[in-house]
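> Dropping in my_file.txt, with compact mmCIF, C-alpha atoms and all ligand atoms.
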# COMPACT_ATOMS: atom_id res chain seq x y z
CA MET D 1 18.40 -2.41 3.94
CA LYS D 2 15.56 -1.48 6.29
CA CYS D 3 13.40 1.57 5.55
CA LEU D 4 11.56 3.65 8.14
CA VAL D 5 8.51 5.63 7.01
CA ILE D 6 7.81 8.48 9.44
CA ILE D 7 4.26 9.85 9.61
CA PRO D 8 3.40 12.74 11.97
CA THR D 9 -0.24 12.79 13.06
CA TYR D 10 -2.57 15.30 14.59
CA ASN D 11 -6.23 14.21 14.55
CA GLU D 12 -5.95 11.52 11.92
CA LYS D 13 -7.92 8.72 13.57
CA ASP D 14 -9.81 7.75 10.40
CA ASN D 15 -6.78 7.93 8.13
CA ILE D 16 -3.94 6.35 10.09
CA PRO D 17 -5.11 2.71 10.31
CA VAL D 18 -5.68 2.57 6.55
CA ILE D 19 -2.53 4.42 5.54
CA ALA D 20 -0.42 2.28 7.90
CA GLN D 21 -1.71 -0.91 6.37
CA GLN D 22 -1.09 0.35 2.83
CA VAL D 23 2.43 1.55 3.64
CA LEU D 24 3.48 -1.74 5.27
CA ALA D 25 2.01 -3.73 2.39
CA ARG D 26 4.38 -2.06 -0.11
CA ASP D 27 7.52 -3.90 0.98
CA PRO D 28 8.66 -6.21 3.79
CA SER D 29 11.71 -3.97 4.41
CA ILE D 30 9.44 -1.10 5.50
CA GLU D 31 8.67 -0.21 9.11
CA LEU D 32 6.52 2.66 10.32
CA LEU D 33 7.08 5.33 12.97
CA VAL D 34 4.13 7.55 13.82
CA ILE D 35 4.69 10.70 15.88
CA ASP D 36 1.42 11.74 17.50
CA ASP D 37 1.02 15.02 19.35
CA ASN D 38 -1.64 13.93 21.84
CA SER D 39 -4.37 14.28 19.21
CA PRO D 40 -7.68 15.23 20.87
CA ASP D 41 -9.53 12.78 18.57
CA GLY D 42 -7.79 9.77 20.15
CA THR D 43 -5.37 8.94 17.30
CA GLY D 44 -2.75 8.09 19.95
CA ARG D 45 -4.85 5.35 21.54
CA ILE D 46 -5.57 3.81 18.14
CA LEU D 47 -1.84 3.85 17.42
CA ASP D 48 -1.03 2.05 20.67
CA GLY D 49 -3.43 -0.71 19.66
CA MET D 50 -1.86 -0.96 16.21
CA ALA D 51 1.69 -1.07 17.61
CA ALA D 52 0.73 -3.78 20.10
CA GLY D 53 -0.42 -5.99 17.24
CA ASP D 54 2.42 -5.40 14.77
CA ARG D 55 6.16 -5.27 15.45
CA ARG D 56 6.73 -3.15 12.34
CA ILE D 57 4.71 -0.26 13.82
CA HIS D 58 6.36 2.15 16.28
CA VAL D 59 4.80 5.12 18.05
CA ILE D 60 6.17 8.20 19.77
CA HIS D 61 3.72 10.25 21.82
CA ARG D 62 4.41 13.91 22.46
CA PRO D 63 2.45 15.85 25.06
CA GLY D 64 0.85 18.42 22.76
CA LYS D 65 0.82 19.95 19.27
CA MET D 66 4.41 21.00 18.64
CA GLY D 67 4.46 21.21 14.84
CA LEU D 68 5.56 19.17 11.90
CA GLY D 69 9.24 20.13 11.85
CA THR D 70 9.99 19.12 15.42
CA ALA D 71 7.98 15.92 14.89
CA TYR D 72 10.21 14.97 11.96
CA VAL D 73 13.41 15.86 13.78
CA THR D 74 12.29 13.60 16.64
CA GLY D 75 11.61 10.86 14.10
CA PHE D 76 14.95 11.31 12.31
CA LYS D 77 16.86 11.02 15.57
CA TRP D 78 14.96 7.86 16.43
CA ALA D 79 15.74 6.44 12.98
CA LEU D 80 19.46 7.23 13.40
CA ALA D 81 19.46 5.54 16.80
CA HIS D 82 18.25 2.38 15.05
CA ASP D 83 19.54 0.52 12.00
CA TYR D 84 17.50 2.02 9.17
CA GLY D 85 19.32 2.65 5.89
CA TYR D 86 16.52 4.71 4.36
CA VAL D 87 14.11 7.13 6.00
CA CYS D 88 10.90 8.44 4.38
CA GLU D 89 8.62 11.34 5.26
CA MET D 90 4.92 11.04 4.56
CA ASP D 91 1.57 12.63 5.53
CA ALA D 92 -1.29 10.66 7.06
CA ASP D 93 -4.04 12.17 4.92
CA PHE D 94 -3.65 10.25 1.62
CA SER D 95 -2.21 13.28 -0.17
CA HIS D 96 0.86 11.09 -0.69
CA PRO D 97 0.16 7.88 -2.66
CA PRO D 98 1.69 4.87 -0.82
CA ALA D 99 2.43 3.13 -4.14
CA THR D 100 5.14 5.76 -4.80
CA LEU D 101 7.17 4.17 -1.99
CA ASP D 102 8.07 1.45 -4.53
CA VAL D 103 9.58 4.11 -6.79
CA PHE D 104 11.44 5.69 -3.85
CA LEU D 105 12.99 2.37 -2.83
CA GLU D 106 14.09 1.77 -6.39
CA ARG D 107 15.51 5.26 -7.09
CA ILE D 108 17.24 5.74 -3.71
CA ARG D 109 19.76 3.07 -4.70
CA ASP D 110 21.27 5.60 -7.16
CA CYS D 111 20.98 8.83 -5.20
CA ASP D 112 20.80 10.26 -1.68
CA LEU D 113 17.41 11.94 -1.56
CA VAL D 114 14.36 11.15 -3.69
CA ILE D 115 11.63 13.81 -3.60
CA GLY D 116 8.03 13.05 -4.58
CA SER D 117 7.34 16.13 -6.64
CA ARG D 118 4.08 17.80 -7.62
CA TYR D 119 5.71 20.11 -10.14
CA VAL D 120 8.33 18.05 -11.96
CA SER D 121 6.20 17.08 -14.95
CA GLY D 122 3.53 19.75 -15.25
CA ILE D 123 1.32 20.32 -12.19
CA ASN D 124 0.07 17.12 -10.55
CA VAL D 125 -2.31 18.36 -7.88
CA VAL D 126 -5.89 17.10 -7.58
CA ASN D 127 -8.74 18.92 -5.80
CA TRP D 128 -6.90 21.93 -4.46
CA PRO D 129 -8.67 25.29 -4.65
CA LEU D 130 -6.97 27.45 -7.30
CA LYS D 131 -5.86 29.93 -4.63
CA ARG D 132 -3.95 27.28 -2.72
CA LEU D 133 -2.40 25.83 -5.86
CA LEU D 134 -1.19 29.25 -6.98
CA LEU D 135 0.22 29.98 -3.53
CA SER D 136 2.14 26.71 -3.46
CA TYR D 137 3.32 27.00 -7.06
CA PHE D 138 4.60 30.56 -6.79
CA ALA D 139 6.02 29.99 -3.32
CA ASN D 140 8.10 27.26 -4.91
CA ILE D 141 9.39 29.54 -7.66
CA TYR D 142 10.23 32.21 -5.04
CA ALA D 143 12.04 29.69 -2.85
CA ARG D 144 13.95 28.25 -5.80
CA VAL D 145 15.11 31.67 -6.99
CA VAL D 146 16.19 32.85 -3.53
CA THR D 147 17.88 29.61 -2.47
CA GLY D 148 19.33 28.52 -5.80
CA VAL D 149 18.37 24.93 -5.06
CA PRO D 150 17.34 23.35 -8.39
CA VAL D 151 14.32 21.44 -7.06
CA ARG D 152 10.87 22.07 -8.58
CA ASP D 153 8.94 21.14 -5.45
CA LEU D 154 10.94 22.57 -2.56
CA THR D 155 8.04 22.32 -0.10
CA ALA D 156 7.36 18.65 -0.87
CA GLY D 157 6.66 16.52 2.20
CA PHE D 158 6.88 13.07 0.62
CA LYS D 159 10.42 11.81 0.16
CA CYS D 160 13.08 9.25 0.96
CA TYR D 161 16.48 10.06 2.50
CA ARG D 162 19.52 7.89 2.55
CA ARG D 163 20.68 7.61 6.16
CA ALA D 164 23.93 9.47 5.40
CA VAL D 165 22.00 12.65 4.55
CA LEU D 166 20.36 12.79 7.98
CA GLU D 167 23.68 12.00 9.63
CA ALA D 168 25.34 14.91 7.82
CA ILE D 169 22.70 17.51 8.74
CA ASN D 170 22.89 19.13 12.16
CA LEU D 171 19.31 18.36 13.15
CA ASP D 172 19.49 20.53 16.26
CA ARG D 173 19.96 23.56 14.02
CA ILE D 174 16.86 22.97 11.93
CA LYS D 175 14.67 25.88 12.94
CA SER D 176 11.52 25.81 10.83
CA ASN D 177 8.34 23.94 11.54
CA GLY D 178 5.91 24.34 8.63
CA TYR D 179 6.51 24.27 4.86
CA ALA D 180 9.82 25.99 5.49
CA PHE D 181 10.98 22.82 7.22
CA GLN D 182 10.91 20.97 3.91
CA ILE D 183 12.80 23.80 2.20
CA GLU D 184 15.38 23.80 4.97
CA MET D 185 16.01 20.05 4.67
CA HIS D 186 16.29 20.19 0.86
CA PHE D 187 18.61 23.19 1.13
CA ASN D 188 20.91 21.37 3.53
CA ALA D 189 20.95 18.16 1.49
CA PHE D 190 21.73 19.99 -1.76
CA TYR D 191 24.45 22.30 -0.43
CA LYS D 192 26.11 19.48 1.48
CA GLY D 193 26.64 17.92 -1.92
CA PHE D 194 24.14 15.07 -1.84
CA LYS D 195 22.56 13.78 -5.01
CA VAL D 196 18.90 14.82 -5.09
CA GLU D 197 16.37 13.46 -7.56
CA GLU D 198 12.70 14.35 -8.08
CA VAL D 199 10.11 11.83 -9.20
CA PRO D 200 6.57 12.85 -10.18
CA ILE D 201 3.69 12.08 -7.82
CA ILE D 202 -0.01 12.83 -8.05
CA PHE D 203 -0.86 14.83 -4.94
CA GLU D 204 -4.47 14.69 -3.82
CA GLU D 205 -6.16 17.00 -1.33
CA ARG D 206 -6.99 15.29 1.96
CA ARG D 207 -10.30 13.40 1.90
CA MET D 208 -10.95 13.20 5.65
CA GLY D 209 -10.00 15.27 8.66
CA GLN D 210 -9.01 18.88 9.16
CA SER D 211 -6.34 20.97 7.46
CA LYS D 212 -3.66 22.52 9.67
CA MET D 213 -2.47 25.01 7.10
CA ASN D 214 -2.25 28.65 8.32
CA LYS D 215 -0.73 32.04 7.50
CA LYS D 216 2.06 31.73 10.05
CA ILE D 217 3.42 28.70 8.18
CA VAL D 218 3.55 30.72 4.96
CA TYR D 219 5.31 33.74 6.51
CA GLU D 220 7.87 31.47 8.12
CA ALA D 221 8.85 30.21 4.67
CA VAL D 222 9.05 33.73 3.22
CA TRP D 223 11.88 34.83 5.53
CA MET D 224 13.47 31.44 6.15
CA VAL D 225 14.85 31.20 2.60
CA TRP D 226 16.86 34.40 3.19
CA ARG D 227 18.10 33.14 6.53
CA LEU D 228 19.31 29.92 4.90
CA GLN D 229 21.19 31.77 2.18
CA LEU D 230 22.81 34.03 4.76
CA LEU D 231 23.91 31.07 6.88
CA ARG D 232 25.36 29.41 3.81
CA LEU D 233 27.29 32.50 2.78
CA LEU D 234 28.65 32.80 6.32
CA LYS D 235 29.58 29.09 6.10
CA LYS D 236 27.44 28.32 9.12
CA LEU D 237 25.16 25.73 7.57
N1 LIG O 1 2.71 15.26 15.21
C1 LIG O 1 2.21 16.29 14.53
N2 LIG O 1 1.68 16.09 13.30
C2 LIG O 1 1.17 17.15 12.63
C3 LIG O 1 1.18 18.46 13.15
N3 LIG O 1 0.61 19.29 12.23
C4 LIG O 1 0.27 18.51 11.18
N4 LIG O 1 0.59 17.22 11.41
C5 LIG O 1 0.46 16.07 10.51
O1 LIG O 1 1.32 16.33 9.43
C6 LIG O 1 0.76 15.88 8.20
C7 LIG O 1 0.60 17.08 7.25
O2 LIG O 1 -0.31 18.00 7.82
P1 LIG O 1 -1.59 18.54 6.99
O3 LIG O 1 -2.58 19.09 7.93
O4 LIG O 1 -2.06 17.49 6.05
O5 LIG O 1 -0.92 19.73 6.24
P2 LIG O 1 -1.11 20.08 4.75
O6 LIG O 1 -0.95 18.86 3.91
O7 LIG O 1 -0.24 21.23 4.49
O8 LIG O 1 -2.61 20.62 4.70
P3 LIG O 1 -3.96 19.80 4.44
O9 LIG O 1 -3.66 18.55 3.71
O10 LIG O 1 -4.82 20.76 3.68
O11 LIG O 1 -4.52 19.51 5.78
C8 LIG O 1 -0.55 15.20 8.57
O12 LIG O 1 -0.30 13.82 8.72
C9 LIG O 1 -0.91 15.85 9.91
O13 LIG O 1 -1.69 15.01 10.72
C10 LIG O 1 1.74 18.66 14.46
O14 LIG O 1 1.79 19.75 15.02
N5 LIG O 1 2.25 17.55 15.08
MG MG O 2 -2.20 17.33 3.94
As a first step, turn the structure in this file into structure tokens.

Amino acid sequence: MKCLVIIPTYNEKDNIPVIAQQVLARDPSIELLVIDDNSPDGTGRILDGMAAGDRRIHVIHRPGKMGLGTAYVTGFKWALAHDYGYVCEMDADFSHPPATLDVFLERIRDCDLVIGSRYVSGINVVNWPLKRLLLSYFANIYARVVTGVPVRDLTAGFKCYRRAVLEAINLDRIKSNGYAFQIEMHFNAFYKGFKVEEVPIIFEERRMGQSKMNKKIVYEAVWMVWRLQLLRLLKKL
């Protein structure tokens, strides 16, 4: 079964060549799709060069920065239009260890969604300022209580879906774009009855490049969890 790893990029020119090579080296069944939003640092041009030299690398260029959620939805639709059995989400900044892809490919045989979790066995985050760690940790408790989804790391961005999960979710109705996007996908997968499993990862703060984290992304998540519960209760998920 072929696996597509989707990586959205915005100004990741130093990271993407290295991460791509490490991802593809994990397993011959893996291919890579990078969604670049016309990064001002020239990531898109580097990607075109990489794709020209390797048939396992695919690139989608979008005209400008449109956010993580819409990038993933674009990638999911592309994956469903091709013959991938498994689809992974991953960041370009080395926060997500490529070696964990081995664990994903192993575990996904027995479930529908494997989540690389920072909070499943203690707190596995390296080099985050305490303020950011506390925000993420308590945001996760808040989201878990409001949504009722029994996942420790609801905002996790490193995971592997079985194709059927993406087929079952109405991707055109996914509304959120930041951390809430991850919550929204987990919420849908869980309440549609798919088997979700968390595996521990060690999450490291990005080493190179700029963070895109902002307040808007946090507020979006605060109200989105209520919206999701309401939609579920109205049976409109
Ligand atoms: N295509 C696309 N990619 C994006 C966009 N925003 C962020 N990304 C990418 O999405 C991934 C996650 O974004 P990050 O900036 O690492 O977000 P974060 O992990 O919450 O924050 P930091 O690691 O502190 O920067 C990275 O690979 C980014 O390059 C966007 O608007 N469009
Ligand atoms: Mg990051």
> If we count all atoms listed in the file and set the cut-off at 7 Å, which residues sit around D:Ala221, ignoring sequence neighbours fewer than 3 positions away in its own chain? Please answer as a list in words.
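The filter keeps Tyr179, Ala180, Ile217, Val218, Met224 and Val225 of chain D.
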> Rounded to one decimal in Å, what is the spacing between atom O12 of ligand LIG 1 (chain O) and atom CA of D:Leu101?
16.2 Å
> Please identify every residue of chain D that has at least one atom no farther than 8 Å from an atom of ligand LIG 1 (chain O), counting all atoms listed in the file, and for each give the shortest atom pair and the distance in Å to one decimal, arranged by chain then increasing number, as a tab-separated table.

residue	atom	partner	partner_atom	distance
D:Ile7	CA	O:LIG1	O12	6.1
D:Pro8	CA	O:LIG1	N2	4.0
D:Thr9	CA	O:LIG1	O13	3.5
D:Tyr10	CA	O:LIG1	O13	4.0
D:Asn11	CA	O:LIG1	O13	6.0
D:Glu12	CA	O:LIG1	O13	5.6
D:Val34	CA	O:LIG1	N1	8.0
D:Ile35	CA	O:LIG1	N1	5.0
D:Asp36	CA	O:LIG1	N1	4.4
D:Asp37	CA	O:LIG1	N1	4.5
D:Arg62	CA	O:LIG1	N1	7.6
D:Gly64	CA	O:LIG1	N5	7.9
D:Lys65	CA	O:LIG1	O14	4.4
D:Met66	CA	O:LIG1	O14	4.6
D:Gly67	CA	O:LIG1	O14	3.0
D:Leu68	CA	O:LIG1	C3	4.6
D:Thr70	CA	O:LIG1	N5	7.9
D:Ala71	CA	O:LIG1	N1	5.3
D:Met90	CA	O:LIG1	O12	7.2
D:Asp91	CA	O:LIG1	O12	3.9
D:Ala92	CA	O:LIG1	O12	3.7
D:Asp93	CA	O:LIG1	O12	5.6
D:Ser95	CA	O:LIG1	O9	6.7
D:Gly157	CA	O:LIG1	C7	7.9
D:Tyr179	CA	O:LIG1	O7	7.4
D:Glu205	CA	O:LIG1	O9	5.8
D:Arg206	CA	O:LIG1	O9	5.0
D:Gly209	CA	O:LIG1	O11	7.5
D:Gln210	CA	O:LIG1	O11	5.7
D:Ser211	CA	O:LIG1	O11	2.9
D:Lys212	CA	O:LIG1	O3	4.0
D:Met213	CA	O:LIG1	O8	5.0
> So that I can see what lies close to D:Gly75, please list as a compact mmCIF listing (two decimals) with C-alpha atoms, keeping the file's coordinate frame the residues with an atom at most 10 Å from it, counting only C-alpha atoms and leaving out residues fewer than 6 positions away in the same chain.

# COMPACT_ATOMS: atom_id res chain seq x y z
CA LEU D 4 11.56 3.65 8.14
CA VAL D 5 8.51 5.63 7.01
CA ILE D 6 7.81 8.48 9.44
CA ILE D 7 4.26 9.85 9.61
CA PRO D 8 3.40 12.74 11.97
CA LEU D 33 7.08 5.33 12.97
CA VAL D 34 4.13 7.55 13.82
CA ILE D 35 4.69 10.70 15.88
CA VAL D 59 4.80 5.12 18.05
CA ILE D 60 6.17 8.20 19.77
CA GLY D 69 9.24 20.13 11.85
CA ALA D 81 19.46 5.54 16.80
CA VAL D 87 14.11 7.13 6.00
CA GLU D 89 8.62 11.34 5.26
> Using atom CA of D:Val120 and atom CA of D:Leu171 as the two end points, give the distance in Å to one decimal.
27.4 Å
